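Engineer: So I've got this file, protein.cif, and it contains mmCIF, C-alpha atoms and all ligand atoms:
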```
data_target
loop_
_atom_site.group_PDB
_atom_site.id
_atom_site.type_symbol
_atom_site.label_atom_id
_atom_site.label_comp_id
_atom_site.auth_asym_id
_atom_site.auth_seq_id
_atom_site.Cartn_x
_atom_site.Cartn_y
_atom_site.Cartn_z
ATOM 1 C CA MET A 1 88.261 183.605 57.429
ATOM 2 C CA PRO A 2 89.837 180.268 58.301
ATOM 3 C CA ASP A 3 91.753 178.833 55.378
ATOM 4 C CA PRO A 4 89.948 175.657 54.251
ATOM 5 C CA HIS A 5 93.243 174.278 52.957
ATOM 6 C CA ALA A 6 95.128 174.705 56.234
ATOM 7 C CA ARG A 7 96.521 171.386 57.413
ATOM 8 C CA PRO A 8 97.189 169.718 60.749
ATOM 9 C CA ALA A 9 100.756 169.632 62.002
ATOM 10 C CA ALA A 10 102.560 167.491 64.490
ATOM 11 C CA PHE A 11 104.859 169.933 66.268
ATOM 12 C CA LEU A 12 107.691 167.917 67.716
ATOM 13 C CA ASP A 13 110.301 168.892 70.218
ATOM 14 C CA ARG A 14 113.631 167.390 69.202
ATOM 15 C CA ASP A 15 115.851 166.487 72.174
ATOM 16 C CA GLY A 16 114.176 163.944 74.458
ATOM 17 C CA VAL A 17 111.406 163.203 71.948
ATOM 18 C CA ILE A 18 112.970 162.335 68.575
ATOM 19 C CA ASN A 19 116.520 161.807 69.780
ATOM 20 C CA ALA A 20 118.008 161.025 73.182
ATOM 21 C CA ASP A 21 118.796 164.204 75.072
ATOM 22 C CA HIS A 22 122.516 163.871 75.732
ATOM 23 C CA GLY A 23 122.688 167.623 76.329
ATOM 24 C CA TYR A 24 123.582 169.967 73.477
ATOM 25 C CA VAL A 25 123.507 167.458 70.633
ATOM 26 C CA ALA A 26 125.153 169.218 67.702
ATOM 27 C CA ASN A 27 126.271 166.577 65.240
ATOM 28 C CA TRP A 28 124.900 163.496 63.540
ATOM 29 C CA ASP A 29 127.303 161.113 65.311
ATOM 30 C CA ASP A 30 125.731 162.088 68.646
ATOM 31 C CA PHE A 31 122.189 161.974 67.276
ATOM 32 C CA GLU A 32 120.623 158.825 68.684
ATOM 33 C CA PHE A 33 116.965 158.171 67.826
ATOM 34 C CA MET A 34 114.707 157.390 70.773
ATOM 35 C CA PRO A 35 113.280 153.837 70.629
ATOM 36 C CA GLY A 36 110.475 153.724 68.047
ATOM 37 C CA ALA A 37 110.895 157.358 67.042
ATOM 38 C CA GLU A 38 111.515 156.663 63.355
ATOM 39 C CA ASP A 39 108.400 154.444 63.180
ATOM 40 C CA ALA A 40 106.441 157.149 64.977
ATOM 41 C CA LEU A 41 107.477 159.768 62.412
ATOM 42 C CA ARG A 42 106.380 157.454 59.618
ATOM 43 C CA GLU A 43 103.028 156.839 61.321
ATOM 44 C CA LEU A 44 102.392 160.528 61.982
ATOM 45 C CA LYS A 45 103.019 161.242 58.332
ATOM 46 C CA SER A 46 100.616 158.505 57.260
ATOM 47 C CA LEU A 47 97.995 159.918 59.652
ATOM 48 C CA GLY A 48 98.178 163.115 57.585
ATOM 49 C CA PHE A 49 100.215 165.338 59.858
ATOM 50 C CA CYS A 50 102.690 167.821 58.497
ATOM 51 C CA LEU A 51 105.852 167.237 60.546
ATOM 52 C CA VAL A 52 107.420 170.310 62.127
ATOM 53 C CA ILE A 53 110.301 170.220 64.589
ATOM 54 C CA VAL A 54 110.543 173.111 67.070
ATOM 55 C CA THR A 55 113.640 173.075 69.260
ATOM 56 C CA ASN A 56 115.437 175.366 71.703
ATOM 57 C CA GLN A 57 119.143 175.370 70.863
ATOM 58 C CA SER A 58 120.657 177.818 73.313
ATOM 59 C CA GLY A 59 123.944 175.953 72.796
ATOM 60 C CA VAL A 60 124.374 178.311 69.850
ATOM 61 C CA GLY A 61 123.986 181.404 72.003
ATOM 62 C CA ARG A 62 126.191 179.928 74.699
ATOM 63 C CA GLY A 63 128.924 179.393 72.100
ATOM 64 C CA TYR A 64 128.984 175.578 72.336
ATOM 65 C CA TYR A 65 128.286 175.184 68.605
ATOM 66 C CA SER A 66 127.323 177.341 65.642
ATOM 67 C CA GLU A 67 124.196 177.881 63.588
ATOM 68 C CA THR A 68 126.098 176.203 60.752
ATOM 69 C CA ASP A 69 126.514 173.081 62.930
ATOM 70 C CA VAL A 70 122.791 173.060 63.708
ATOM 71 C CA ASP A 71 121.827 173.581 60.060
ATOM 72 C CA LYS A 72 124.157 170.786 58.986
ATOM 73 C CA LEU A 73 122.697 168.376 61.549
ATOM 74 C CA HIS A 74 119.155 169.271 60.546
ATOM 75 C CA GLN A 75 119.884 168.846 56.836
ATOM 76 C CA THR A 76 121.248 165.376 57.600
ATOM 77 C CA LEU A 77 118.168 164.555 59.681
ATOM 78 C CA ILE A 78 115.850 165.759 56.896
ATOM 79 C CA ALA A 79 117.754 163.665 54.340
ATOM 80 C CA HIS A 80 117.676 160.623 56.636
ATOM 81 C CA CYS A 81 113.911 160.915 57.029
ATOM 82 C CA ALA A 82 113.400 161.540 53.300
ATOM 83 C CA ALA A 83 115.296 158.324 52.596
ATOM 84 C CA MET A 84 112.743 156.441 54.693
ATOM 85 C CA GLY A 85 109.882 158.187 52.890
ATOM 86 C CA VAL A 86 109.100 160.753 55.567
ATOM 87 C CA GLU A 87 109.013 164.420 54.678
ATOM 88 C CA ILE A 88 109.929 166.881 57.439
ATOM 89 C CA ALA A 89 108.116 170.092 56.495
ATOM 90 C CA GLY A 90 110.298 172.329 58.613
ATOM 91 C CA ILE A 91 112.733 172.564 61.494
ATOM 92 C CA TYR A 92 112.656 175.739 63.563
ATOM 93 C CA TYR A 93 115.157 176.423 66.310
ATOM 94 C CA CYS A 94 115.831 179.184 68.794
ATOM 95 C CA PRO A 95 119.545 180.010 69.275
ATOM 96 C CA HIS A 96 118.918 182.583 72.016
ATOM 97 C CA HIS A 97 118.999 182.652 75.787
ATOM 98 C CA PRO A 98 117.778 185.485 78.001
ATOM 99 C CA SER A 99 120.658 185.340 80.505
ATOM 100 C CA GLU A 100 123.385 182.889 79.432
ATOM 101 C CA ALA A 101 124.000 183.727 75.762
ATOM 102 C CA LYS A 102 126.697 185.900 74.206
ATOM 103 C CA GLY A 103 126.439 188.913 71.912
ATOM 104 C CA ASP A 104 123.303 189.247 69.851
ATOM 105 C CA TYR A 105 122.070 185.872 71.099
ATOM 106 C CA LEU A 106 121.523 187.362 74.553
ATOM 107 C CA GLN A 107 117.895 188.365 74.320
ATOM 108 C CA LEU A 108 114.433 187.747 75.599
ATOM 109 C CA CYS A 109 113.110 186.531 72.250
ATOM 110 C CA GLU A 110 109.745 185.450 70.973
ATOM 111 C CA CYS A 111 110.992 182.057 69.792
ATOM 112 C CA ARG A 112 112.473 180.333 72.837
ATOM 113 C CA LYS A 113 109.872 177.982 74.282
ATOM 114 C CA PRO A 114 107.742 178.516 76.400
ATOM 115 C CA ALA A 115 107.150 181.432 73.999
ATOM 116 C CA PRO A 116 104.999 180.337 71.060
ATOM 117 C CA GLY A 117 106.989 182.144 68.331
ATOM 118 C CA MET A 118 108.356 179.128 66.451
ATOM 119 C CA LEU A 119 104.942 177.483 66.264
ATOM 120 C CA LEU A 120 103.247 180.679 65.138
ATOM 121 C CA THR A 121 105.875 181.329 62.459
ATOM 122 C CA ALA A 122 105.599 177.743 61.229
ATOM 123 C CA SER A 123 101.827 177.915 61.111
ATOM 124 C CA LYS A 124 102.012 180.956 58.825
ATOM 125 C CA GLU A 125 104.819 179.680 56.622
ATOM 126 C CA LEU A 126 103.434 176.164 56.252
ATOM 127 C CA ASN A 127 99.712 176.979 56.284
ATOM 128 C CA ILE A 128 98.914 175.023 59.428
ATOM 129 C CA ASP A 129 95.609 174.820 61.270
ATOM 130 C CA LEU A 130 96.753 175.037 64.888
ATOM 131 C CA ASP A 131 93.434 173.945 66.301
ATOM 132 C CA VAL A 132 93.671 170.458 64.765
ATOM 133 C CA SER A 133 97.421 170.192 65.361
ATOM 134 C CA ILE A 134 99.299 168.357 68.079
ATOM 135 C CA MET A 135 102.461 169.008 70.058
ATOM 136 C CA VAL A 136 104.726 166.346 71.509
ATOM 137 C CA GLY A 137 107.411 167.557 73.906
ATOM 138 C CA ASP A 138 109.138 166.405 77.054
ATOM 139 C CA LYS A 139 109.171 169.609 79.071
ATOM 140 C CA PRO A 140 106.501 171.858 80.587
ATOM 141 C CA SER A 141 107.922 174.660 78.410
ATOM 142 C CA ASP A 142 106.931 172.641 75.312
ATOM 143 C CA MET A 143 103.402 172.293 76.629
ATOM 144 C CA GLU A 144 103.158 175.980 77.483
ATOM 145 C CA ALA A 145 104.412 177.066 74.041
ATOM 146 C CA ALA A 146 101.825 174.847 72.390
ATOM 147 C CA GLN A 147 99.042 176.102 74.617
ATOM 148 C CA ARG A 148 99.955 179.735 73.924
ATOM 149 C CA ALA A 149 100.021 179.007 70.178
ATOM 150 C CA GLY A 150 96.584 177.409 70.349
ATOM 151 C CA VAL A 151 97.612 173.863 69.482
ATOM 152 C CA GLY A 152 94.640 171.539 69.947
ATOM 153 C CA LYS A 153 96.212 168.500 71.552
ATOM 154 C CA ARG A 154 99.326 168.258 73.691
ATOM 155 C CA PHE A 155 101.390 165.222 74.672
ATOM 156 C CA GLN A 156 104.209 165.206 77.206
ATOM 157 C CA VAL A 157 106.791 162.439 77.093
ATOM 158 C CA THR A 158 107.419 161.790 80.763
ATOM 159 C CA GLN A 159 107.875 159.055 83.322
ATOM 160 C CA GLY A 160 105.658 161.016 85.673
ATOM 161 C CA SER A 161 102.341 162.793 85.383
ATOM 162 C CA ALA A 162 101.344 165.791 83.292
ATOM 163 C CA ASP A 163 99.038 168.781 83.700
ATOM 164 C CA ALA A 164 95.314 168.126 83.558
ATOM 165 C CA ASP A 165 94.832 169.068 79.901
ATOM 166 C CA VAL A 166 98.077 167.402 78.773
ATOM 167 C CA ILE A 167 98.284 163.721 77.810
ATOM 168 C CA ALA A 168 101.226 161.956 79.473
ATOM 169 C CA VAL A 169 102.966 159.351 77.293
ATOM 170 C CA ALA A 170 106.127 157.283 77.686
ATOM 171 C CA SER A 171 107.357 157.968 74.143
ATOM 172 C CA LEU A 172 106.553 159.595 70.814
ATOM 173 C CA LEU A 173 105.359 156.220 69.601
ATOM 174 C CA GLU A 174 102.886 156.024 72.483
ATOM 175 C CA ALA A 175 101.459 159.401 71.434
ATOM 176 C CA VAL A 176 100.924 157.952 67.957
ATOM 177 C CA ASP A 177 99.198 154.903 69.435
ATOM 178 C CA TYR A 178 96.902 157.242 71.345
ATOM 179 C CA LEU A 179 96.020 159.118 68.136
ATOM 180 C CA ARG A 180 95.288 155.876 66.310
ATOM 181 C CA GLY A 181 92.851 155.029 69.123
HETATM 182 MG MG MG B 1 113.190 168.311 74.905
HETATM 183 ZN ZN ZN B 2 114.825 182.795 70.256
#
```
Rewrite the structure of this file - the entire thing - as structure tokens.
Ligand SMILES: [Mg+2]
Ligand SMILES: [Zn+2]
Structural biologist:
Amino acid sequence: MPDPHARPAAFLDRDGVINADHGYVANWDDFEFMPGAEDALRELKSLGFCLVIVTNQSGVGRGYYSETDVDKLHQTLIAHCAAMGVEIAGIYYCPHHPSEAKGDYLQLCECRKPAPGMLLTASKELNIDLDVSIMVGDKPSDMEAAQRAGVGKRFQVTQGSADADVIAVASLLEAVDYLRG
């Protein structure tokens, strides 16, 4: 039975969508919001989406930074958004890599996008209706993860074109404009 109380989520990739992708961003000083991203988060929230960030952070597995660093950055981001009235329901990240990570992080996991694990876990934990949810990412792996999870609508932030059933947008804010119609 579908849960009548399940809610729509906006699954958001982090690097290249919410913040500029400088490569392995691990602290707040290097966290630079993309133009319009904060407004877009506010708008998505007001449209009734539960905001969920899903991000590959193989920098952990590669030994560039620790899970503690990532957690600290994400707590700061959550607090920053809360201060502007925007609740982030959850941030899920994958610290693994199938070939480049060290120790226990070296694994072919279920969470690294394009696998759908983070979205599926979030949908269970946060009671999300995937069918009415959206994904905004900047890589084909984001789109594939969302498709495999059964997310209803997919947006790719790109300067180029996207796959046939993916909506190409220039920014997160443009995805919001599209949703507003
Ligand atoms: Mg990205
Ligand atoms: Zn993983």
Engineer: Would you mind listing, for every residue of chain A within 12 Å of ligand ZN 2 (chain B), the two atoms forming the shortest contact and the distance between them in Å to one decimal, using all atoms listed in the file, sorted by chain and ascending residue number, as CSV?
Structural biologist:
```
residue,atom,partner,partner_atom,distance
A:Val54,CA,B:ZN2,ZN,11.1
A:Thr55,CA,B:ZN2,ZN,9.8
A:Asn56,CA,B:ZN2,ZN,7.6
A:Gln57,CA,B:ZN2,ZN,8.6
A:Ser58,CA,B:ZN2,ZN,8.3
A:Gly59,CA,B:ZN2,ZN,11.7
A:Val60,CA,B:ZN2,ZN,10.6
A:Gly61,CA,B:ZN2,ZN,9.4
A:Tyr92,CA,B:ZN2,ZN,10.0
A:Tyr93,CA,B:ZN2,ZN,7.5
A:Cys94,CA,B:ZN2,ZN,4.0
A:Pro95,CA,B:ZN2,ZN,5.6
A:His96,CA,B:ZN2,ZN,4.5
A:His97,CA,B:ZN2,ZN,6.9
A:Pro98,CA,B:ZN2,ZN,8.7
A:Ala101,CA,B:ZN2,ZN,10.7
A:Asp104,CA,B:ZN2,ZN,10.7
A:Tyr105,CA,B:ZN2,ZN,7.9
A:Leu106,CA,B:ZN2,ZN,9.2
A:Gln107,CA,B:ZN2,ZN,7.5
A:Leu108,CA,B:ZN2,ZN,7.3
A:Cys109,CA,B:ZN2,ZN,4.6
A:Glu110,CA,B:ZN2,ZN,5.8
A:Cys111,CA,B:ZN2,ZN,3.9
A:Arg112,CA,B:ZN2,ZN,4.3
A:Lys113,CA,B:ZN2,ZN,8.0
A:Pro114,CA,B:ZN2,ZN,10.3
A:Ala115,CA,B:ZN2,ZN,8.6
A:Pro116,CA,B:ZN2,ZN,10.2
A:Gly117,CA,B:ZN2,ZN,8.1
A:Met118,CA,B:ZN2,ZN,8.4
A:Leu119,CA,B:ZN2,ZN,11.9
A:Thr121,CA,B:ZN2,ZN,12.0
```
Engineer: Evaluate the PyMOL selection byres (((chain A and resi 84) around 10) and not hetatm) against this structure - the residues, as a PyMOL selection string, please.
Structural biologist: chain A and resi 38-39+41-42+79-83+85-87
Engineer: Which residues would end up in the selection if the PyMOL selection byres (((not hetatm)) within 6 of (chain B and resi 1)) were applied here, given that I need the answer as a list of chain:residue names?
Structural biologist: A:Asp13, A:Arg14, A:Asp15, A:Gly16, A:Gly137, A:Asp138, A:Lys139
Engineer: With C-alpha atoms kept, could you save the residues just selected as a PDB file, in the frame of the given file?
Structural biologist:
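Final output, result.pdb:
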```pdb
ATOM      1  CA  ASP A  13     110.301 168.892  70.218  1.00  0.00           C
ATOM      2  CA  ARG A  14     113.631 167.390  69.202  1.00  0.00           C
ATOM      3  CA  ASP A  15     115.851 166.487  72.174  1.00  0.00           C
ATOM      4  CA  GLY A  16     114.176 163.944  74.458  1.00  0.00           C
ATOM      5  CA  GLY A 137     107.411 167.557  73.906  1.00  0.00           C
ATOM      6  CA  ASP A 138     109.138 166.405  77.054  1.00  0.00           C
ATOM      7  CA  LYS A 139     109.171 169.609  79.071  1.00  0.00           C
TER       8      LYS A 139
END
```
Engineer: Would you mind listing what lies within 10 Å of stretch 173-175 of chain A as a PyMOL selection string, with only C-alpha atoms counted and same-chain residues fewer than 2 positions away left out?
Structural biologist: chain A and resi 17-18+34-41+43-44+134-136+154-157+167-171+177-181
Engineer: Write out as a list in words each polymer residue whose atoms come within 12 Å of A:Glu125, counting all atoms listed in the file; drop sequence neighbours fewer than 5 positions from it.
Structural biologist: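 That gives Ala6, Arg7, Val52, Ala89, Gly90, Ile91, Tyr92, Met118, Leu119 and Leu120 of chain A.
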Engineer: Would you compute an axis-aligned box for stretch 86-97 of chain A, covering every atom listed for it in the file with 6 Å of margin on each side, and report centre and edge lengths in Å to one decimal as AutoDock Vina command-line options?
Structural biologist:
```
--center_x 113.8 --center_y 171.7 --center_z 65.2 --size_x 23.4 --size_y 33.9 --size_z 33.1
```
Engineer: Between atom CA of A:Asp69 and atom CA of A:Tyr24, what is the distance, to one decimal in Å?
Structural biologist: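 Taking atom CA of A:Asp69 and atom CA of A:Tyr24, their separation equals 11.4 Å.
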Engineer: Could you tell me how far atom CA of A:Arg62 sits from atom CA of A:Trp28, in Å to one decimal place?
Structural biologist: 19.9 Å
